[in-house]
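Q: Sharing start.cif below, mmCIF, N, CA and C atoms:
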```cif
data_model
loop_
_atom_site.label_atom_id
_atom_site.label_comp_id
_atom_site.auth_asym_id
_atom_site.auth_seq_id
_atom_site.Cartn_x
_atom_site.Cartn_y
_atom_site.Cartn_z
N MET A 1 24.31 -8.38 3.01
CA MET A 1 23.21 -8.24 3.95
C MET A 1 23.61 -7.22 5.01
N ALA A 2 22.73 -6.28 5.29
CA ALA A 2 23.05 -5.20 6.21
C ALA A 2 22.96 -5.63 7.67
N ASP A 3 22.25 -6.67 7.97
CA ASP A 3 22.07 -7.13 9.35
C ASP A 3 23.35 -7.76 9.87
N ASN A 4 23.49 -7.81 11.18
CA ASN A 4 24.68 -8.42 11.76
C ASN A 4 24.62 -9.94 11.74
N GLY A 5 23.52 -10.51 11.23
CA GLY A 5 23.42 -11.94 11.07
C GLY A 5 22.75 -12.66 12.22
N GLN A 6 22.64 -12.02 13.38
CA GLN A 6 22.06 -12.68 14.54
C GLN A 6 20.56 -12.89 14.39
N ASN A 7 19.88 -12.03 13.67
CA ASN A 7 18.43 -12.11 13.53
C ASN A 7 18.00 -12.67 12.17
N VAL A 8 18.94 -12.88 11.27
CA VAL A 8 18.63 -13.38 9.93
C VAL A 8 19.10 -14.82 9.83
N VAL A 9 18.14 -15.71 9.52
CA VAL A 9 18.41 -17.14 9.54
C VAL A 9 17.88 -17.79 8.27
N ARG A 10 18.62 -18.74 7.73
CA ARG A 10 18.17 -19.48 6.55
C ARG A 10 16.96 -20.33 6.92
N VAL A 11 15.94 -20.29 6.06
CA VAL A 11 14.73 -21.08 6.28
C VAL A 11 14.68 -22.27 5.34
N CYS A 12 14.95 -22.01 4.05
CA CYS A 12 14.86 -23.08 3.05
C CYS A 12 15.47 -22.60 1.74
N ALA A 13 15.49 -23.49 0.77
CA ALA A 13 15.85 -23.12 -0.60
C ALA A 13 14.60 -22.59 -1.29
N LYS A 14 14.78 -21.69 -2.24
CA LYS A 14 13.62 -21.17 -2.99
C LYS A 14 12.87 -22.31 -3.67
N ALA A 15 13.58 -23.31 -4.15
CA ALA A 15 12.96 -24.44 -4.85
C ALA A 15 12.08 -25.29 -3.93
N ASP A 16 12.24 -25.16 -2.61
CA ASP A 16 11.43 -25.93 -1.67
C ASP A 16 9.98 -25.47 -1.61
N VAL A 17 9.72 -24.24 -2.09
CA VAL A 17 8.37 -23.67 -2.04
C VAL A 17 7.99 -23.22 -3.45
N PRO A 18 7.34 -24.11 -4.21
CA PRO A 18 6.97 -23.77 -5.59
C PRO A 18 5.97 -22.61 -5.65
N PRO A 19 5.89 -21.93 -6.78
CA PRO A 19 4.92 -20.84 -6.93
C PRO A 19 3.50 -21.31 -6.62
N GLY A 20 2.76 -20.44 -5.91
CA GLY A 20 1.38 -20.73 -5.56
C GLY A 20 1.22 -21.68 -4.40
N SER A 21 2.29 -21.84 -3.59
CA SER A 21 2.22 -22.79 -2.48
C SER A 21 2.67 -22.15 -1.17
N VAL A 22 2.40 -22.87 -0.09
CA VAL A 22 2.83 -22.48 1.25
C VAL A 22 3.35 -23.73 1.93
N LYS A 23 4.41 -23.56 2.72
CA LYS A 23 5.02 -24.70 3.40
C LYS A 23 5.36 -24.32 4.83
N ALA A 24 5.05 -25.20 5.79
CA ALA A 24 5.41 -24.98 7.18
C ALA A 24 6.82 -25.49 7.42
N LEU A 25 7.62 -24.67 8.09
CA LEU A 25 8.99 -25.04 8.39
C LEU A 25 9.36 -24.57 9.79
N ALA A 26 10.12 -25.38 10.50
CA ALA A 26 10.60 -25.01 11.82
C ALA A 26 11.98 -24.36 11.70
N VAL A 27 12.13 -23.24 12.38
CA VAL A 27 13.41 -22.55 12.44
C VAL A 27 13.66 -22.30 13.92
N GLY A 28 14.55 -23.09 14.50
CA GLY A 28 14.75 -23.03 15.95
C GLY A 28 13.44 -23.40 16.63
N SER A 29 12.98 -22.56 17.54
CA SER A 29 11.72 -22.83 18.24
C SER A 29 10.51 -22.22 17.53
N SER A 30 10.73 -21.57 16.39
CA SER A 30 9.64 -20.93 15.65
C SER A 30 9.12 -21.82 14.54
N LYS A 31 7.80 -21.92 14.43
CA LYS A 31 7.19 -22.62 13.31
C LYS A 31 6.65 -21.56 12.36
N LEU A 32 7.19 -21.52 11.16
CA LEU A 32 6.88 -20.48 10.20
C LEU A 32 6.17 -21.05 8.98
N ALA A 33 5.41 -20.20 8.31
CA ALA A 33 4.82 -20.53 7.02
C ALA A 33 5.55 -19.71 5.97
N VAL A 34 6.06 -20.38 4.95
CA VAL A 34 6.77 -19.72 3.85
C VAL A 34 5.88 -19.82 2.63
N TYR A 35 5.61 -18.68 2.00
CA TYR A 35 4.71 -18.60 0.85
C TYR A 35 5.49 -18.18 -0.38
N ASN A 36 5.12 -18.71 -1.52
CA ASN A 36 5.64 -18.25 -2.81
C ASN A 36 4.43 -17.81 -3.61
N ILE A 37 4.26 -16.50 -3.73
CA ILE A 37 3.13 -15.94 -4.47
C ILE A 37 3.69 -15.27 -5.71
N GLU A 38 3.54 -15.98 -6.84
CA GLU A 38 4.01 -15.49 -8.14
C GLU A 38 5.48 -15.09 -8.09
N GLY A 39 6.30 -15.90 -7.40
CA GLY A 39 7.74 -15.66 -7.35
C GLY A 39 8.19 -14.75 -6.22
N ALA A 40 7.24 -14.15 -5.50
CA ALA A 40 7.58 -13.32 -4.33
C ALA A 40 7.41 -14.18 -3.08
N TYR A 41 8.40 -14.15 -2.21
CA TYR A 41 8.38 -14.97 -1.00
C TYR A 41 7.93 -14.14 0.20
N TYR A 42 7.13 -14.76 1.05
CA TYR A 42 6.63 -14.14 2.27
C TYR A 42 6.77 -15.15 3.40
N ILE A 43 6.94 -14.64 4.63
CA ILE A 43 7.02 -15.51 5.79
C ILE A 43 6.14 -14.93 6.89
N THR A 44 5.32 -15.81 7.49
CA THR A 44 4.49 -15.44 8.63
C THR A 44 4.63 -16.54 9.68
N ASP A 45 4.06 -16.29 10.86
CA ASP A 45 3.90 -17.39 11.80
C ASP A 45 3.00 -18.41 11.12
N ASP A 46 3.20 -19.69 11.41
CA ASP A 46 2.37 -20.73 10.78
C ASP A 46 1.05 -20.93 11.51
N GLU A 47 0.98 -20.58 12.78
CA GLU A 47 -0.24 -20.84 13.54
C GLU A 47 -1.25 -19.72 13.38
N CYS A 48 -2.48 -20.09 13.07
CA CYS A 48 -3.59 -19.15 12.97
C CYS A 48 -3.75 -18.43 14.30
N THR A 49 -4.05 -17.14 14.27
CA THR A 49 -4.22 -16.38 15.51
C THR A 49 -5.56 -16.66 16.19
N HIS A 50 -6.46 -17.34 15.51
CA HIS A 50 -7.78 -17.65 16.08
C HIS A 50 -7.78 -19.00 16.78
N ALA A 51 -7.13 -19.98 16.19
CA ALA A 51 -7.12 -21.33 16.75
C ALA A 51 -5.78 -21.98 16.42
N ALA A 52 -5.45 -23.02 17.13
CA ALA A 52 -4.16 -23.68 16.94
C ALA A 52 -4.19 -24.57 15.70
N ALA A 53 -4.14 -23.95 14.55
CA ALA A 53 -4.14 -24.69 13.28
C ALA A 53 -3.00 -24.18 12.42
N SER A 54 -2.40 -25.07 11.65
CA SER A 54 -1.32 -24.69 10.74
C SER A 54 -1.89 -24.01 9.50
N LEU A 55 -1.42 -22.81 9.24
CA LEU A 55 -1.88 -22.11 8.04
C LEU A 55 -1.39 -22.79 6.77
N ALA A 56 -0.27 -23.51 6.86
CA ALA A 56 0.24 -24.23 5.70
C ALA A 56 -0.71 -25.34 5.27
N ASP A 57 -1.61 -25.76 6.16
CA ASP A 57 -2.63 -26.76 5.80
C ASP A 57 -3.86 -26.10 5.18
N GLY A 58 -3.87 -24.78 5.14
CA GLY A 58 -5.00 -24.05 4.59
C GLY A 58 -4.92 -23.89 3.08
N MET A 59 -5.77 -23.02 2.56
CA MET A 59 -5.84 -22.80 1.12
C MET A 59 -5.29 -21.41 0.78
N LEU A 60 -4.32 -21.38 -0.10
CA LEU A 60 -3.73 -20.12 -0.56
C LEU A 60 -4.39 -19.74 -1.87
N GLU A 61 -5.05 -18.58 -1.87
CA GLU A 61 -5.68 -18.05 -3.09
C GLU A 61 -5.16 -16.64 -3.31
N GLY A 62 -4.30 -16.49 -4.30
CA GLY A 62 -3.68 -15.19 -4.53
C GLY A 62 -2.83 -14.82 -3.33
N GLU A 63 -3.12 -13.65 -2.73
CA GLU A 63 -2.37 -13.18 -1.57
C GLU A 63 -3.07 -13.48 -0.25
N VAL A 64 -4.09 -14.34 -0.28
CA VAL A 64 -4.87 -14.64 0.92
C VAL A 64 -4.72 -16.11 1.31
N ILE A 65 -4.44 -16.34 2.61
CA ILE A 65 -4.38 -17.69 3.14
C ILE A 65 -5.62 -17.90 4.01
N GLU A 66 -6.31 -19.01 3.76
CA GLU A 66 -7.50 -19.34 4.54
C GLU A 66 -7.17 -20.50 5.48
N CYS A 67 -7.46 -20.32 6.75
CA CYS A 67 -7.21 -21.36 7.74
C CYS A 67 -8.16 -22.53 7.50
N CYS A 68 -7.62 -23.73 7.63
CA CYS A 68 -8.42 -24.93 7.38
C CYS A 68 -9.40 -25.24 8.51
N MET A 69 -9.21 -24.64 9.68
CA MET A 69 -10.06 -25.00 10.82
C MET A 69 -11.40 -24.28 10.83
N HIS A 70 -11.39 -22.95 10.74
CA HIS A 70 -12.64 -22.18 10.81
C HIS A 70 -12.82 -21.23 9.64
N MET A 71 -12.00 -21.37 8.63
CA MET A 71 -12.09 -20.60 7.38
C MET A 71 -11.84 -19.10 7.54
N GLY A 72 -11.24 -18.70 8.66
CA GLY A 72 -10.79 -17.31 8.76
C GLY A 72 -9.62 -17.12 7.81
N SER A 73 -9.35 -15.89 7.40
CA SER A 73 -8.26 -15.70 6.44
C SER A 73 -7.49 -14.41 6.70
N PHE A 74 -6.27 -14.41 6.12
CA PHE A 74 -5.33 -13.31 6.30
C PHE A 74 -4.74 -12.90 4.95
N HIS A 75 -4.40 -11.62 4.83
CA HIS A 75 -3.66 -11.11 3.68
C HIS A 75 -2.18 -11.41 3.97
N VAL A 76 -1.58 -12.28 3.19
CA VAL A 76 -0.22 -12.76 3.48
C VAL A 76 0.82 -11.64 3.53
N PRO A 77 0.89 -10.72 2.56
CA PRO A 77 1.95 -9.71 2.61
C PRO A 77 1.91 -8.79 3.84
N THR A 78 0.72 -8.55 4.39
CA THR A 78 0.61 -7.63 5.53
C THR A 78 0.26 -8.31 6.84
N GLY A 79 -0.32 -9.52 6.77
CA GLY A 79 -0.79 -10.20 7.96
C GLY A 79 -2.16 -9.74 8.42
N ASP A 80 -2.75 -8.78 7.71
CA ASP A 80 -4.06 -8.25 8.09
C ASP A 80 -5.14 -9.32 7.99
N VAL A 81 -6.11 -9.24 8.89
CA VAL A 81 -7.26 -10.14 8.87
C VAL A 81 -8.13 -9.79 7.67
N VAL A 82 -8.54 -10.82 6.93
CA VAL A 82 -9.42 -10.64 5.77
C VAL A 82 -10.83 -11.10 6.10
N ALA A 83 -10.95 -12.19 6.88
CA ALA A 83 -12.27 -12.74 7.19
C ALA A 83 -12.29 -13.33 8.59
N PRO A 84 -13.44 -13.15 9.28
CA PRO A 84 -13.58 -13.75 10.61
C PRO A 84 -13.70 -15.26 10.49
N PRO A 85 -13.50 -15.97 11.57
CA PRO A 85 -13.53 -15.48 12.95
C PRO A 85 -12.21 -14.90 13.44
N CYS A 86 -11.21 -14.81 12.59
CA CYS A 86 -9.93 -14.22 12.99
C CYS A 86 -10.13 -12.74 13.30
N GLU A 87 -9.45 -12.27 14.36
CA GLU A 87 -9.51 -10.86 14.74
C GLU A 87 -8.13 -10.26 14.91
N VAL A 88 -7.16 -11.10 15.30
CA VAL A 88 -5.80 -10.63 15.56
C VAL A 88 -4.96 -10.83 14.30
N PRO A 89 -4.28 -9.78 13.83
CA PRO A 89 -3.44 -9.92 12.64
C PRO A 89 -2.36 -10.98 12.82
N LEU A 90 -1.91 -11.51 11.72
CA LEU A 90 -0.87 -12.51 11.67
C LEU A 90 0.49 -11.83 11.71
N ARG A 91 1.43 -12.39 12.47
CA ARG A 91 2.77 -11.82 12.53
C ARG A 91 3.53 -12.15 11.24
N THR A 92 4.11 -11.13 10.63
CA THR A 92 4.88 -11.29 9.40
C THR A 92 6.35 -11.03 9.70
N TYR A 93 7.19 -11.47 8.78
CA TYR A 93 8.64 -11.28 8.91
C TYR A 93 9.21 -10.81 7.58
N ARG A 94 10.28 -10.03 7.66
CA ARG A 94 10.97 -9.59 6.45
C ARG A 94 11.71 -10.79 5.86
N VAL A 95 11.60 -10.93 4.55
CA VAL A 95 12.28 -12.01 3.83
C VAL A 95 13.53 -11.46 3.18
N VAL A 96 14.61 -12.21 3.28
CA VAL A 96 15.87 -11.88 2.63
C VAL A 96 16.18 -13.03 1.69
N ILE A 97 16.45 -12.72 0.43
CA ILE A 97 16.84 -13.73 -0.55
C ILE A 97 18.34 -13.60 -0.78
N GLU A 98 19.05 -14.70 -0.59
CA GLU A 98 20.49 -14.75 -0.87
C GLU A 98 20.74 -15.91 -1.81
N GLY A 99 20.99 -15.60 -3.07
CA GLY A 99 21.18 -16.65 -4.07
C GLY A 99 19.92 -17.47 -4.19
N ASP A 100 20.02 -18.77 -3.93
CA ASP A 100 18.87 -19.67 -4.02
C ASP A 100 18.21 -19.92 -2.66
N ASP A 101 18.60 -19.17 -1.65
CA ASP A 101 18.10 -19.40 -0.30
C ASP A 101 17.10 -18.33 0.14
N VAL A 102 16.14 -18.76 0.97
CA VAL A 102 15.17 -17.87 1.60
C VAL A 102 15.57 -17.75 3.06
N LEU A 103 15.76 -16.52 3.53
CA LEU A 103 16.12 -16.27 4.92
C LEU A 103 15.03 -15.43 5.57
N VAL A 104 14.91 -15.58 6.88
CA VAL A 104 13.94 -14.80 7.64
C VAL A 104 14.69 -13.83 8.54
N ASP A 105 14.17 -12.61 8.62
CA ASP A 105 14.70 -11.59 9.52
C ASP A 105 13.71 -11.48 10.68
N PHE A 106 14.04 -12.09 11.81
CA PHE A 106 13.15 -12.10 12.96
C PHE A 106 12.98 -10.73 13.60
N ALA A 107 13.89 -9.80 13.32
CA ALA A 107 13.85 -8.48 13.95
C ALA A 107 12.94 -7.48 13.24
N HIS A 108 12.47 -7.83 12.03
CA HIS A 108 11.65 -6.89 11.26
C HIS A 108 10.44 -7.59 10.66
N ASN A 109 9.33 -6.84 10.58
CA ASN A 109 8.15 -7.39 9.92
C ASN A 109 8.28 -7.26 8.41
N ALA A 110 7.27 -7.74 7.68
CA ALA A 110 7.34 -7.73 6.22
C ALA A 110 7.51 -6.33 5.63
N ALA A 111 7.03 -5.32 6.35
CA ALA A 111 7.17 -3.93 5.89
C ALA A 111 8.54 -3.36 6.24
N GLY A 112 9.39 -4.13 6.92
CA GLY A 112 10.72 -3.68 7.29
C GLY A 112 10.79 -2.93 8.60
N GLU A 113 9.66 -2.89 9.33
CA GLU A 113 9.63 -2.19 10.61
C GLU A 113 10.13 -3.10 11.73
N PRO A 114 10.84 -2.53 12.72
CA PRO A 114 11.31 -3.36 13.84
C PRO A 114 10.14 -3.98 14.60
N GLN A 115 10.36 -5.21 15.10
CA GLN A 115 9.32 -5.86 15.91
C GLN A 115 9.91 -6.52 17.12
#
```
Represent the structure from my file as structure tokens, please.

A:
Amino acid sequence: MADNGQNVVRVCAKADVPPGSVKALAVGSSKLAVYNIEGAYYITDDECTHAAASLADGMLEGEVIECCMHMGSFHVPTGDVVAPPCEVPLRTYRVVIEGDDVLVDFAHNAAGEPQ
């Protein structure tokens, strides 16, 4: 791993998030949603940007997560808003896979850009 380790933290085992599912997990003070979409792992903030609802309680269809509260939705890999009433994009994080573990890089978004 190229990072110095301070920003990269283990979230869960790959087996904890089966294909086609999303799971809410706490990492320190952050509540994250971990997605397994056809074997590719993604991590976003778990809270919907429109209302205080857990996205892990929503419906995952392909690469889109729909919030259970007001049915707004986001494109998981980018965090982009797909449907209102959401207007603010979802924060994404770079995922690092080490063996059977899923790690989150808090310093970079899913595209690898610093945040």

Q: I'd like the residues picked by the PyMOL selection byres (((chain A and resi 87-96 and name CA) around 8) and name CA) written out as a PyMOL selection string, using the chain letters and numbers from the file.

A: chain A and resi 8+41-45+48-50+74+76-81+84-86+97-98+102-112

Q: Would you output that residue set with N, CA and C atoms, as a JSON list (two decimals), in the coordinates of the input?

A:
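And here's selection09.json as it stands now:
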```json
[["chain", "number", "residue", "atom", "x", "y", "z"],
["A", 8, "VAL", "N", 18.94, -12.88, 11.27],
["A", 8, "VAL", "CA", 18.63, -13.38, 9.93],
["A", 8, "VAL", "C", 19.10, -14.82, 9.83],
["A", 41, "TYR", "N", 8.40, -14.15, -2.21],
["A", 41, "TYR", "CA", 8.38, -14.97, -1.00],
["A", 41, "TYR", "C", 7.93, -14.14, 0.20],
["A", 42, "TYR", "N", 7.13, -14.76, 1.05],
["A", 42, "TYR", "CA", 6.63, -14.14, 2.27],
["A", 42, "TYR", "C", 6.77, -15.15, 3.40],
["A", 43, "ILE", "N", 6.94, -14.64, 4.63],
["A", 43, "ILE", "CA", 7.02, -15.51, 5.79],
["A", 43, "ILE", "C", 6.14, -14.93, 6.89],
["A", 44, "THR", "N", 5.32, -15.81, 7.49],
["A", 44, "THR", "CA", 4.49, -15.44, 8.63],
["A", 44, "THR", "C", 4.63, -16.54, 9.68],
["A", 45, "ASP", "N", 4.06, -16.29, 10.86],
["A", 45, "ASP", "CA", 3.90, -17.39, 11.80],
["A", 45, "ASP", "C", 3.00, -18.41, 11.12],
["A", 48, "CYS", "N", -2.48, -20.09, 13.07],
["A", 48, "CYS", "CA", -3.59, -19.15, 12.97],
["A", 48, "CYS", "C", -3.75, -18.43, 14.30],
["A", 49, "THR", "N", -4.05, -17.14, 14.27],
["A", 49, "THR", "CA", -4.22, -16.38, 15.51],
["A", 49, "THR", "C", -5.56, -16.66, 16.19],
["A", 50, "HIS", "N", -6.46, -17.34, 15.51],
["A", 50, "HIS", "CA", -7.78, -17.65, 16.08],
["A", 50, "HIS", "C", -7.78, -19.00, 16.78],
["A", 74, "PHE", "N", -6.27, -14.41, 6.12],
["A", 74, "PHE", "CA", -5.33, -13.31, 6.30],
["A", 74, "PHE", "C", -4.74, -12.90, 4.95],
["A", 76, "VAL", "N", -1.58, -12.28, 3.19],
["A", 76, "VAL", "CA", -0.22, -12.76, 3.48],
["A", 76, "VAL", "C", 0.82, -11.64, 3.53],
["A", 77, "PRO", "N", 0.89, -10.72, 2.56],
["A", 77, "PRO", "CA", 1.95, -9.71, 2.61],
["A", 77, "PRO", "C", 1.91, -8.79, 3.84],
["A", 78, "THR", "N", 0.72, -8.55, 4.39],
["A", 78, "THR", "CA", 0.61, -7.63, 5.53],
["A", 78, "THR", "C", 0.26, -8.31, 6.84],
["A", 79, "GLY", "N", -0.32, -9.52, 6.77],
["A", 79, "GLY", "CA", -0.79, -10.20, 7.96],
["A", 79, "GLY", "C", -2.16, -9.74, 8.42],
["A", 80, "ASP", "N", -2.75, -8.78, 7.71],
["A", 80, "ASP", "CA", -4.06, -8.25, 8.09],
["A", 80, "ASP", "C", -5.14, -9.32, 7.99],
["A", 81, "VAL", "N", -6.11, -9.24, 8.89],
["A", 81, "VAL", "CA", -7.26, -10.14, 8.87],
["A", 81, "VAL", "C", -8.13, -9.79, 7.67],
["A", 84, "PRO", "N", -13.44, -13.15, 9.28],
["A", 84, "PRO", "CA", -13.58, -13.75, 10.61],
["A", 84, "PRO", "C", -13.70, -15.26, 10.49],
["A", 85, "PRO", "N", -13.50, -15.97, 11.57],
["A", 85, "PRO", "CA", -13.53, -15.48, 12.95],
["A", 85, "PRO", "C", -12.21, -14.90, 13.44],
["A", 86, "CYS", "N", -11.21, -14.81, 12.59],
["A", 86, "CYS", "CA", -9.93, -14.22, 12.99],
["A", 86, "CYS", "C", -10.13, -12.74, 13.30],
["A", 97, "ILE", "N", 16.45, -12.72, 0.43],
["A", 97, "ILE", "CA", 16.84, -13.73, -0.55],
["A", 97, "ILE", "C", 18.34, -13.60, -0.78],
["A", 98, "GLU", "N", 19.05, -14.70, -0.59],
["A", 98, "GLU", "CA", 20.49, -14.75, -0.87],
["A", 98, "GLU", "C", 20.74, -15.91, -1.81],
["A", 102, "VAL", "N", 16.14, -18.76, 0.97],
["A", 102, "VAL", "CA", 15.17, -17.87, 1.60],
["A", 102, "VAL", "C", 15.57, -17.75, 3.06],
["A", 103, "LEU", "N", 15.76, -16.52, 3.53],
["A", 103, "LEU", "CA", 16.12, -16.27, 4.92],
["A", 103, "LEU", "C", 15.03, -15.43, 5.57],
["A", 104, "VAL", "N", 14.91, -15.58, 6.88],
["A", 104, "VAL", "CA", 13.94, -14.80, 7.64],
["A", 104, "VAL", "C", 14.69, -13.83, 8.54],
["A", 105, "ASP", "N", 14.17, -12.61, 8.62],
["A", 105, "ASP", "CA", 14.70, -11.59, 9.52],
["A", 105, "ASP", "C", 13.71, -11.48, 10.68],
["A", 106, "PHE", "N", 14.04, -12.09, 11.81],
["A", 106, "PHE", "CA", 13.15, -12.10, 12.96],
["A", 106, "PHE", "C", 12.98, -10.73, 13.60],
["A", 107, "ALA", "N", 13.89, -9.80, 13.32],
["A", 107, "ALA", "CA", 13.85, -8.48, 13.95],
["A", 107, "ALA", "C", 12.94, -7.48, 13.24],
["A", 108, "HIS", "N", 12.47, -7.83, 12.03],
["A", 108, "HIS", "CA", 11.65, -6.89, 11.26],
["A", 108, "HIS", "C", 10.44, -7.59, 10.66],
["A", 109, "ASN", "N", 9.33, -6.84, 10.58],
["A", 109, "ASN", "CA", 8.15, -7.39, 9.92],
["A", 109, "ASN", "C", 8.28, -7.26, 8.41],
["A", 110, "ALA", "N", 7.27, -7.74, 7.68],
["A", 110, "ALA", "CA", 7.34, -7.73, 6.22],
["A", 110, "ALA", "C", 7.51, -6.33, 5.63],
["A", 111, "ALA", "N", 7.03, -5.32, 6.35],
["A", 111, "ALA", "CA", 7.17, -3.93, 5.89],
["A", 111, "ALA", "C", 8.54, -3.36, 6.24],
["A", 112, "GLY", "N", 9.39, -4.13, 6.92],
["A", 112, "GLY", "CA", 10.72, -3.68, 7.29],
["A", 112, "GLY", "C", 10.79, -2.93, 8.60]]
```

Q: Taking the chain letters and numbering used in this document, name the residues of chain A that DSSP puts in helix (DSSP H, G or I), as a list in words.

A: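 Residues of chain A classed as helix (DSSP H, G or I): Lys14, Ala15, Asp16, Leu55, Ala56 and Asp57 of chain A.
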
Q: As an exercise, work out the distance from atom N of A:Lys31 to atom CA of A:Glu113 in Å and give it to one decimal place.

A: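 That distance, rounded to one decimal, is 20.2 Å.
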
Q: Give me, as a count of residues only, the residues of chain A that a backbone DSSP run labels strand (DSSP E or B).

A: 55

Q: Atom CA of A:Val27 to atom CA of A:Cys12: how many Å, to one decimal?

A: 9.5 Å

Q: Which residues come within 8 Å of A:Ala56, counting only N, CA and C atoms, excluding same-chain residues fewer than 4 positions away, as a PyMOL selection string?

A: chain A and resi 21-25+32-34+45-48+60+66-68

Q: Could you jot down the atom N of A:Lys14 to atom N of A:Asp100 separation for me, Å, one decimal place?

A: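 Pair atom N of A:Lys14 / atom N of A:Asp100 returns 6.2 Å.
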
Q: Name the residues in contact with A:Ile65 at a cut-off of 7 Å, using all atoms listed in the file, excluding same-chain residues fewer than 6 positions from it; report them as a ChimeraX atom specification.

A: /A:55,58-59,72-76

Q: Using all atoms listed in the file for the distances, tell me which of A:Val17, A:Ala26, A:Ile37, A:Met69 is nearest to A:Ser54.

A: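 Of the candidates, the smallest distance to A:Ser54 is held by A:Met69.
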
Q: Measuring between only N, CA and C atoms, which one of A:Gly28, A:Val9, A:Val82, A:Ala53 shows the shortest distance to A:His70?

A: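 Of all the options, A:Ala53 lies closest to A:His70.
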